[in-house]
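Raw contents of data-v8.cif, mmCIF, C-alpha atoms and all ligand atoms:
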data_protein
loop_
_atom_site.label_atom_id
_atom_site.label_comp_id
_atom_site.auth_asym_id
_atom_site.auth_seq_id
_atom_site.Cartn_x
_atom_site.Cartn_y
_atom_site.Cartn_z
CA MET A 1 9.80 26.80 -15.67
CA PRO A 2 11.17 24.32 -13.11
CA GLY A 3 14.85 24.60 -12.06
CA LYS A 4 17.26 21.73 -12.21
CA MET A 5 15.78 18.44 -13.38
CA VAL A 6 16.76 14.95 -12.29
CA LYS A 7 16.34 11.71 -14.16
CA ILE A 8 14.35 8.97 -12.43
CA TYR A 9 12.88 5.66 -13.55
CA ILE A 10 9.36 4.71 -12.50
CA MET A 11 8.70 1.03 -13.01
CA GLY A 12 11.40 0.96 -15.64
CA LYS A 13 10.37 4.05 -17.59
CA GLN A 14 12.53 7.16 -17.60
CA TYR A 15 11.19 10.57 -16.55
CA GLU A 16 12.70 13.97 -15.89
CA VAL A 17 11.35 15.68 -12.78
CA PRO A 18 12.35 18.82 -10.86
CA GLU A 19 14.88 18.17 -8.13
CA GLY A 20 13.66 18.61 -4.57
CA LEU A 21 10.32 16.88 -5.11
CA THR A 22 9.34 14.00 -2.87
CA ILE A 23 9.00 10.67 -4.67
CA GLN A 24 5.24 11.01 -4.34
CA LYS A 25 5.16 14.44 -5.97
CA ALA A 26 7.59 13.25 -8.64
CA LEU A 27 5.25 10.39 -9.50
CA GLU A 28 2.45 12.89 -9.93
CA TYR A 29 4.67 15.27 -11.89
CA ALA A 30 5.42 12.34 -14.21
CA GLY A 31 1.68 12.00 -14.83
CA LEU A 32 0.71 9.16 -12.52
CA ARG A 33 -2.55 9.41 -10.63
CA LEU A 34 -2.07 7.92 -7.21
CA LEU A 35 -5.16 5.89 -6.50
CA ARG A 36 -3.20 3.62 -4.17
CA GLY A 37 0.11 4.37 -2.52
CA CYS A 38 -1.01 7.75 -1.29
CA GLY A 39 -2.76 8.48 1.96
CA CYS A 40 -1.84 11.04 4.58
CA ARG A 41 1.15 12.53 2.69
CA GLY A 42 2.64 13.16 6.10
CA GLY A 43 4.52 9.98 7.03
CA PHE A 44 1.78 8.51 9.21
CA CYS A 45 -0.38 6.11 7.23
CA GLY A 46 2.16 3.73 5.70
CA ALA A 47 0.41 3.65 2.33
CA CYS A 48 3.36 4.86 0.26
CA GLY A 49 6.00 2.17 0.78
CA THR A 50 8.50 2.37 -2.07
CA VAL A 51 11.51 0.31 -3.07
CA TYR A 52 14.31 1.70 -5.16
CA ARG A 53 17.86 1.29 -6.33
CA LYS A 54 20.27 4.06 -7.12
CA GLU A 55 22.09 3.87 -10.40
CA GLY A 56 25.20 1.69 -10.19
CA GLU A 57 24.32 0.40 -6.71
CA TYR A 58 23.52 -3.21 -5.84
CA LYS A 59 21.67 -2.25 -2.67
CA LEU A 60 17.88 -2.38 -2.62
CA ARG A 61 16.56 0.53 -0.58
CA VAL A 62 13.15 1.38 0.80
CA ALA A 63 11.45 4.65 1.63
CA LEU A 64 8.15 6.34 2.24
CA ALA A 65 7.35 8.14 -1.00
CA CYS A 66 5.78 11.10 0.80
CA GLN A 67 8.89 11.70 2.92
CA THR A 68 11.81 10.99 0.62
CA VAL A 69 13.21 13.37 -1.97
CA VAL A 70 14.05 12.06 -5.44
CA GLU A 71 17.68 11.66 -6.44
CA ASP A 72 19.15 11.55 -9.90
CA GLY A 73 19.21 7.99 -11.24
CA MET A 74 16.66 6.47 -8.84
CA HIS A 75 14.88 3.38 -10.13
CA LEU A 76 11.65 3.11 -8.22
CA THR A 77 8.50 1.19 -7.76
CA GLN A 78 5.81 1.36 -5.12
CA ILE A 79 4.53 -1.31 -2.75
CA PRO A 80 1.34 0.22 -1.39
CA PHE A 81 0.24 -3.20 -0.23
CA TYR A 82 2.25 -6.27 0.64
CA PRO A 83 0.45 -9.63 0.76
CA ALA A 84 0.76 -10.90 4.31
CA HIS A 85 -1.04 -13.27 6.60
CA LYS A 86 -3.46 -11.32 8.77
CA SER A 87 -5.17 -13.28 11.50
CA LEU A 88 -8.78 -12.54 12.43
CA TYR A 89 -9.28 -12.81 16.17
CA ASP A 90 -11.68 -11.89 18.91
CA LEU A 91 -9.66 -9.86 21.40
CA GLU A 92 -12.15 -10.73 24.14
CA LYS A 93 -11.14 -14.38 23.85
CA LEU A 94 -7.38 -13.81 24.02
CA THR A 95 -5.03 -13.38 26.94
CA PRO A 96 -1.95 -11.11 27.01
CA SER A 97 0.44 -14.02 26.48
CA LEU A 98 2.83 -15.68 24.09
CA ASP A 99 0.12 -18.29 23.43
CA SER A 100 -2.16 -15.63 21.95
CA LEU A 101 0.58 -14.35 19.68
CA VAL A 102 1.63 -17.82 18.50
CA GLN A 103 -1.93 -19.04 18.07
CA ASN A 104 -2.57 -16.17 15.65
CA TYR A 105 0.86 -15.81 14.13
CA PRO A 106 2.65 -19.18 14.42
CA GLU A 107 5.28 -17.95 11.96
CA LEU A 108 6.46 -15.63 14.73
CA MET A 109 8.65 -18.47 15.97
CA LYS A 110 10.38 -18.64 12.58
CA CYS A 111 12.01 -15.28 13.24
CA LEU A 112 15.74 -15.72 12.67
CA GLN A 113 16.70 -12.49 14.46
CA CYS A 114 18.63 -11.52 11.31
CA ASN A 115 17.72 -7.83 11.74
CA THR A 116 16.74 -7.35 8.09
CA CYS A 117 13.40 -5.93 9.26
CA ARG A 118 15.14 -3.30 11.36
CA LYS A 119 17.37 -2.26 8.46
CA VAL A 120 14.43 -1.94 6.10
CA CYS A 121 12.06 -0.05 8.41
CA PRO A 122 11.54 3.53 7.14
CA GLN A 123 10.56 4.55 10.68
CA ASP A 124 13.78 3.22 12.26
CA ILE A 125 11.77 1.06 14.62
CA GLU A 126 13.59 -1.67 16.55
CA VAL A 127 11.59 -4.34 14.74
CA MET A 128 13.89 -7.25 15.59
CA GLN A 129 13.84 -6.23 19.25
CA TYR A 130 10.06 -6.14 19.45
CA MET A 131 9.90 -9.51 17.69
CA ALA A 132 12.33 -10.86 20.31
CA ALA A 133 10.11 -9.44 23.06
CA ALA A 134 7.06 -11.04 21.41
CA MET A 135 8.85 -14.40 21.28
CA ARG A 136 9.46 -14.10 25.03
CA GLY A 137 5.79 -13.27 25.59
CA ASP A 138 6.75 -9.81 26.82
CA ILE A 139 3.64 -8.09 25.49
CA ALA A 140 4.35 -4.74 27.15
CA ARG A 141 7.82 -4.46 25.61
CA ALA A 142 6.63 -5.60 22.16
CA ALA A 143 3.82 -3.04 22.32
CA ASP A 144 6.12 -0.28 23.45
CA LEU A 145 8.85 -0.91 20.86
CA SER A 146 6.37 -1.23 18.01
CA PHE A 147 4.34 1.81 19.01
CA ASP A 148 5.46 4.04 16.11
CA CYS A 149 4.74 1.41 13.43
CA ILE A 150 2.73 2.82 10.53
CA MET A 151 1.93 -0.62 9.07
CA CYS A 152 3.62 -0.04 5.70
CA GLY A 153 4.57 -3.73 5.60
CA LEU A 154 8.09 -3.19 4.28
CA CYS A 155 9.55 -5.27 7.15
CA ALA A 156 7.58 -8.31 6.00
CA SER A 157 8.57 -7.72 2.39
CA ARG A 158 12.21 -8.56 3.13
CA CYS A 159 11.82 -11.14 5.91
CA PRO A 160 13.55 -14.46 5.12
CA GLY A 161 11.41 -16.16 7.78
CA ASP A 162 8.12 -15.00 6.18
CA THR A 163 7.03 -13.47 9.46
CA VAL A 164 4.58 -10.59 9.59
CA GLN A 165 6.23 -8.30 12.09
CA TYR A 166 3.78 -5.42 11.79
CA TYR A 167 0.76 -7.59 12.57
CA VAL A 168 2.55 -9.16 15.54
CA GLY A 169 3.28 -5.63 16.79
CA GLU A 170 -0.33 -4.62 16.24
CA LEU A 171 -1.68 -7.61 18.18
CA SER A 172 0.80 -6.92 21.00
CA ARG A 173 -0.41 -3.32 21.25
CA ARG A 174 -4.03 -4.42 21.24
CA LEU A 175 -3.40 -6.98 23.99
CA TYR A 176 -1.44 -4.43 25.96
CA GLY A 177 -4.16 -1.79 25.62
CA LYS A 178 -6.92 -4.18 26.61
CA TYR A 179 -5.33 -6.23 29.37
CA VAL A 180 -2.07 -4.74 30.63
CA ALA A 181 -2.16 -0.92 30.53
CA PRO A 182 -3.67 0.75 33.57
CA LYS A 183 -7.18 1.95 32.86
CA ALA A 184 -7.54 5.67 32.23
CA LYS A 185 -10.10 6.85 34.77
CA HIS A 186 -11.22 9.87 32.78
CA LEU A 187 -11.82 7.66 29.73
CA GLU A 188 -13.93 5.22 31.73
CA ARG A 189 -15.88 8.13 33.16
CA ARG A 190 -16.47 9.59 29.72
CA LEU A 191 -17.56 6.22 28.27
CA GLU A 192 -20.06 5.87 31.08
CA GLU A 193 -21.41 9.35 30.30
CA ILE A 194 -21.73 8.46 26.62
CA LYS A 195 -23.58 5.24 27.46
CA LYS A 196 -25.99 7.18 29.65
CA GLY A 197 -26.72 9.52 26.72
CA LYS A 198 -25.19 12.67 28.20
CA PHE A 199 -24.15 13.91 24.76
CA ASN A 200 -27.05 12.71 22.64
CA LYS A 201 -28.77 16.07 22.43
CA GLU A 202 -25.54 17.81 21.60
CA LEU A 203 -24.73 15.30 18.85
CA GLU A 204 -28.16 15.72 17.33
CA ARG A 205 -27.55 19.45 17.21
CA TYR A 206 -24.19 18.95 15.41
CA VAL A 207 -25.78 16.65 12.85
CA LYS A 208 -28.13 19.47 11.87
CA MET A 209 -25.36 22.08 11.54
CA SER A 210 -23.99 23.34 8.23
CA PRO A 211 -20.30 22.68 7.38
CA ALA A 212 -19.57 26.39 8.00
CA GLU A 213 -21.12 26.27 11.47
CA LEU A 214 -19.23 23.10 12.30
CA LYS A 215 -15.97 24.65 11.11
CA LYS A 216 -16.55 27.72 13.27
CA LEU A 217 -17.24 25.54 16.27
CA TYR A 218 -14.14 23.49 15.59
CA ASP A 219 -11.93 26.58 15.19
CA GLU A 220 -13.19 27.99 18.46
CA ARG A 221 -12.84 24.79 20.46
CA ASP A 222 -10.87 24.67 23.71
CA ILE A 223 -7.60 22.81 23.43
CA GLU A 224 -6.47 20.67 26.33
CA PRO A 225 -3.07 21.72 27.75
CA GLU A 226 -0.35 19.26 26.72
CA ASP A 227 0.78 18.34 30.23
CA ALA A 228 -2.69 17.84 31.63
CA ASP A 229 -3.11 14.49 33.42
CA GLU A 230 -6.84 14.76 33.22
CA PRO A 231 -8.74 16.48 30.41
CA VAL A 232 -9.83 19.97 31.30
CA GLU A 233 -13.56 20.17 31.50
CA SER A 234 -14.16 23.51 29.85
CA ALA A 235 -17.15 25.64 30.69
CA ALA A 236 -18.48 25.00 27.20
CA ALA A 237 -17.95 21.25 27.49
CA SER A 238 -19.57 20.97 30.87
CA SER A 239 -22.48 23.03 29.64
CA GLY A 240 -22.84 20.52 26.81
CA GLU A 241 -21.57 22.99 24.20
CA ILE A 242 -18.39 21.25 23.05
CA SER A 243 -17.14 17.79 23.93
CA ASP A 244 -13.59 16.48 23.38
S1 LIG B 1 1.23 8.82 2.27
FE1 LIG B 1 0.92 8.28 4.39
S2 LIG B 1 2.91 7.66 5.01
FE2 LIG B 1 3.23 8.40 3.01
#

Show me the file's structure as structure tokens.
Ligand code: FES
Amino acid sequence: MPGKMVKIYIMGKQYEVPEGLTIQKALEYAGLRLLRGCGCRGGFCGACGTVYRKEGEYKLRVALACQTVVEDGMHLTQIPFYPAHKSLYDLEKLTPSLDSLVQNYPELMKCLQCNTCRKVCPQDIEVMQYMAAAMRGDIARAADLSFDCIMCGLCASRCPGDTVQYYVGELSRRLYGKYVAPKAKHLERRLEEIKKGKFNKELERYVKMSPAELKKLYDERDIEPEDADEPVESAAASSGEISD
């Protein structure tokens, strides 16, 4: 028998759920099957954007359902997807510049710098600041400040300028990664090895393995030390046994 129960409202309907549950678990306790609005359950995928009001409060709040615990009197609904303009572009044809951002997201220049996006972000990201950097064409800063974005779209849901902050951040990071960030030598080396087919035999062997054999191999893999500048080439990896 569950302990103390709290009263919540899911899309207007009242339910009693055990206190201490996350919103996501409370939705399931109430009998909902989460076909959308549920992904990683760990605060990383951005699929579980939720808006809610507390009883007697005028303020509209937002949360990630997998991270936020229910409170008595919550009125909630989920926004697993927010309709927003997503530009389709060929990164090869863009330059790391303001032009590229504006060409794909002209509404960027409608940003009022009102900071609503920052207040609504469940990740506490400096959304307004990275939008300001994007408007200056400072791709590196926009990429850096938006790095932790999980693309839940809640920033765009409240934006009075109809801008799509999370896609601007995403494009900035892509431009930064492709054109601005120094190239990682070990990655280039590894890509070259892959192209030359160094791991083909090994991959073919994995494809033929049973799930149990793969699990054993995974459990016994070498883990790269956290502060390593370059990946450690383990004996197994260099012998073609395990690749990272
Ligand atoms: S389910 Fe992935 S962030 Fe909540």

Give as a ChimeraX atom specification every residue, naming chains and numbers as the document does, that has an atom within 12 Å of (-1.0, -14.6, 27.6), counting only C-alpha atoms. /A:91,93-103,134-140,171-172,175-176,179-180

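Going from atom CA of A:Cys159 to atom CA of A:Ile125 covers 15.0 Å.
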
All residues having an atom within 12 Å of ligand LIG 1 (chain B) (all atoms listed in the file) as a ChimeraX atom specification: /A:22-25,34-50,63-68,78-80,122-123,148-153

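Excluding A:Phe147 itself and any same-chain residue fewer than 3 positions from it, the protein and nucleic acid residues within 10 Å of it, counting only C-alpha atoms, are Ile125, Tyr130, Arg141, Ala142, Ala143, Asp144, Ile150, Gly169, Glu170, Ser172 and Arg173 of chain A.
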
Please measure the separation of atom CA of A:Tyr89 and atom CA of A:Glu107, giving the value in Å to one decimal.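 So the answer is 16.0 Å.
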
Please report the interatomic distance between atom CA of A:Gly161 and atom CA of A:Leu88 in Å with one decimal.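 So the answer is 21.0 Å.
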
Around all the atoms of stretch 62-70 of chain A listed in the file, draw an axis-aligned box and extend it by 3 Å on each of the six sides; I want its centre and edge lengths in Å to one decimal, as JSON.
{"center_x": 9.9, "center_y": 7.4, "center_z": -1.3, "size_x": 14.3, "size_y": 18.0, "size_z": 14.4}

Starting from the block above, write stretch 149-161 of chain A out to a file with all heavy atoms, as a CSV table (one decimal), in the first residue's frame, please.
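Generated file (part_10.csv):
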chain,number,residue,atom,x,y,z
A,149,CYS,N,22.0,22.0,-24.2
A,149,CYS,CA,20.6,22.0,-24.7
A,149,CYS,C,20.2,20.6,-25.0
A,149,CYS,O,20.9,19.8,-25.6
A,149,CYS,CB,20.5,22.9,-25.9
A,149,CYS,SG,18.8,22.8,-26.6
A,150,ILE,N,19.0,20.2,-24.5
A,150,ILE,CA,18.5,18.8,-24.8
A,150,ILE,C,17.3,18.9,-25.8
A,150,ILE,O,16.7,17.9,-26.0
A,150,ILE,CB,18.1,18.1,-23.5
A,150,ILE,CG1,17.1,18.9,-22.7
A,150,ILE,CG2,19.3,17.8,-22.6
A,150,ILE,CD1,16.5,18.1,-21.6
A,151,MET,N,17.1,20.0,-26.4
A,151,MET,CA,16.2,20.2,-27.5
A,151,MET,C,14.7,19.9,-27.1
A,151,MET,O,14.0,19.3,-27.9
A,151,MET,CB,16.6,19.3,-28.7
A,151,MET,CG,18.0,19.4,-29.1
A,151,MET,SD,18.4,21.0,-29.8
A,151,MET,CE,17.7,20.9,-31.4
A,152,CYS,N,14.4,20.2,-25.9
A,152,CYS,CA,13.0,20.0,-25.4
A,152,CYS,C,12.0,21.0,-26.1
A,152,CYS,O,10.8,20.7,-26.2
A,152,CYS,CB,12.9,20.0,-23.9
A,152,CYS,SG,13.1,21.7,-23.2
A,153,GLY,N,12.5,22.1,-26.5
A,153,GLY,CA,11.7,23.1,-27.2
A,153,GLY,C,10.9,24.0,-26.4
A,153,GLY,O,10.1,24.8,-26.9
A,154,LEU,N,11.0,23.9,-25.0
A,154,LEU,CA,10.2,24.7,-24.2
A,154,LEU,C,10.6,26.2,-24.3
A,154,LEU,O,9.7,27.1,-24.1
A,154,LEU,CB,10.4,24.3,-22.7
A,154,LEU,CG,9.7,22.9,-22.4
A,154,LEU,CD1,10.1,22.4,-21.0
A,154,LEU,CD2,8.2,23.0,-22.5
A,155,CYS,N,11.8,26.5,-24.7
A,155,CYS,CA,12.2,28.0,-24.9
A,155,CYS,C,11.3,28.6,-26.0
A,155,CYS,O,10.8,29.7,-25.8
A,155,CYS,CB,13.7,28.1,-25.2
A,155,CYS,SG,14.2,26.9,-26.5
A,156,ALA,N,11.2,27.8,-27.1
A,156,ALA,CA,10.4,28.3,-28.2
A,156,ALA,C,8.9,28.4,-27.9
A,156,ALA,O,8.2,29.3,-28.4
A,156,ALA,CB,10.6,27.4,-29.4
A,157,SER,N,8.5,27.6,-27.0
A,157,SER,CA,7.0,27.6,-26.6
A,157,SER,C,6.6,28.9,-26.0
A,157,SER,O,5.4,29.2,-26.0
A,157,SER,CB,6.7,26.4,-25.7
A,157,SER,OG,7.1,26.6,-24.4
A,158,ARG,N,7.5,29.6,-25.4
A,158,ARG,CA,7.1,30.8,-24.7
A,158,ARG,C,7.6,32.1,-25.3
A,158,ARG,O,7.5,33.2,-24.8
A,158,ARG,CB,7.6,30.8,-23.2
A,158,ARG,CG,7.2,29.6,-22.4
A,158,ARG,CD,5.7,29.5,-22.2
A,158,ARG,NE,5.1,30.7,-21.5
A,158,ARG,CZ,5.2,31.0,-20.2
A,158,ARG,NH1,5.7,30.1,-19.4
A,158,ARG,NH2,4.6,32.1,-19.8
A,159,CYS,N,8.3,31.9,-26.5
A,159,CYS,CA,9.0,33.1,-27.1
A,159,CYS,C,8.0,34.1,-27.7
A,159,CYS,O,7.4,33.7,-28.7
A,159,CYS,CB,10.0,32.6,-28.1
A,159,CYS,SG,10.9,33.9,-28.9
A,160,PRO,N,8.0,35.3,-27.3
A,160,PRO,CA,7.1,36.3,-28.0
A,160,PRO,C,7.6,36.7,-29.3
A,160,PRO,O,6.8,37.3,-30.1
A,160,PRO,CB,7.1,37.5,-27.0
A,160,PRO,CG,8.4,37.4,-26.2
A,160,PRO,CD,8.7,35.9,-26.2
A,161,GLY,N,8.8,36.4,-29.7
A,161,GLY,CA,9.3,36.7,-31.0
A,161,GLY,C,9.3,35.6,-32.0
A,161,GLY,O,9.7,35.7,-33.1
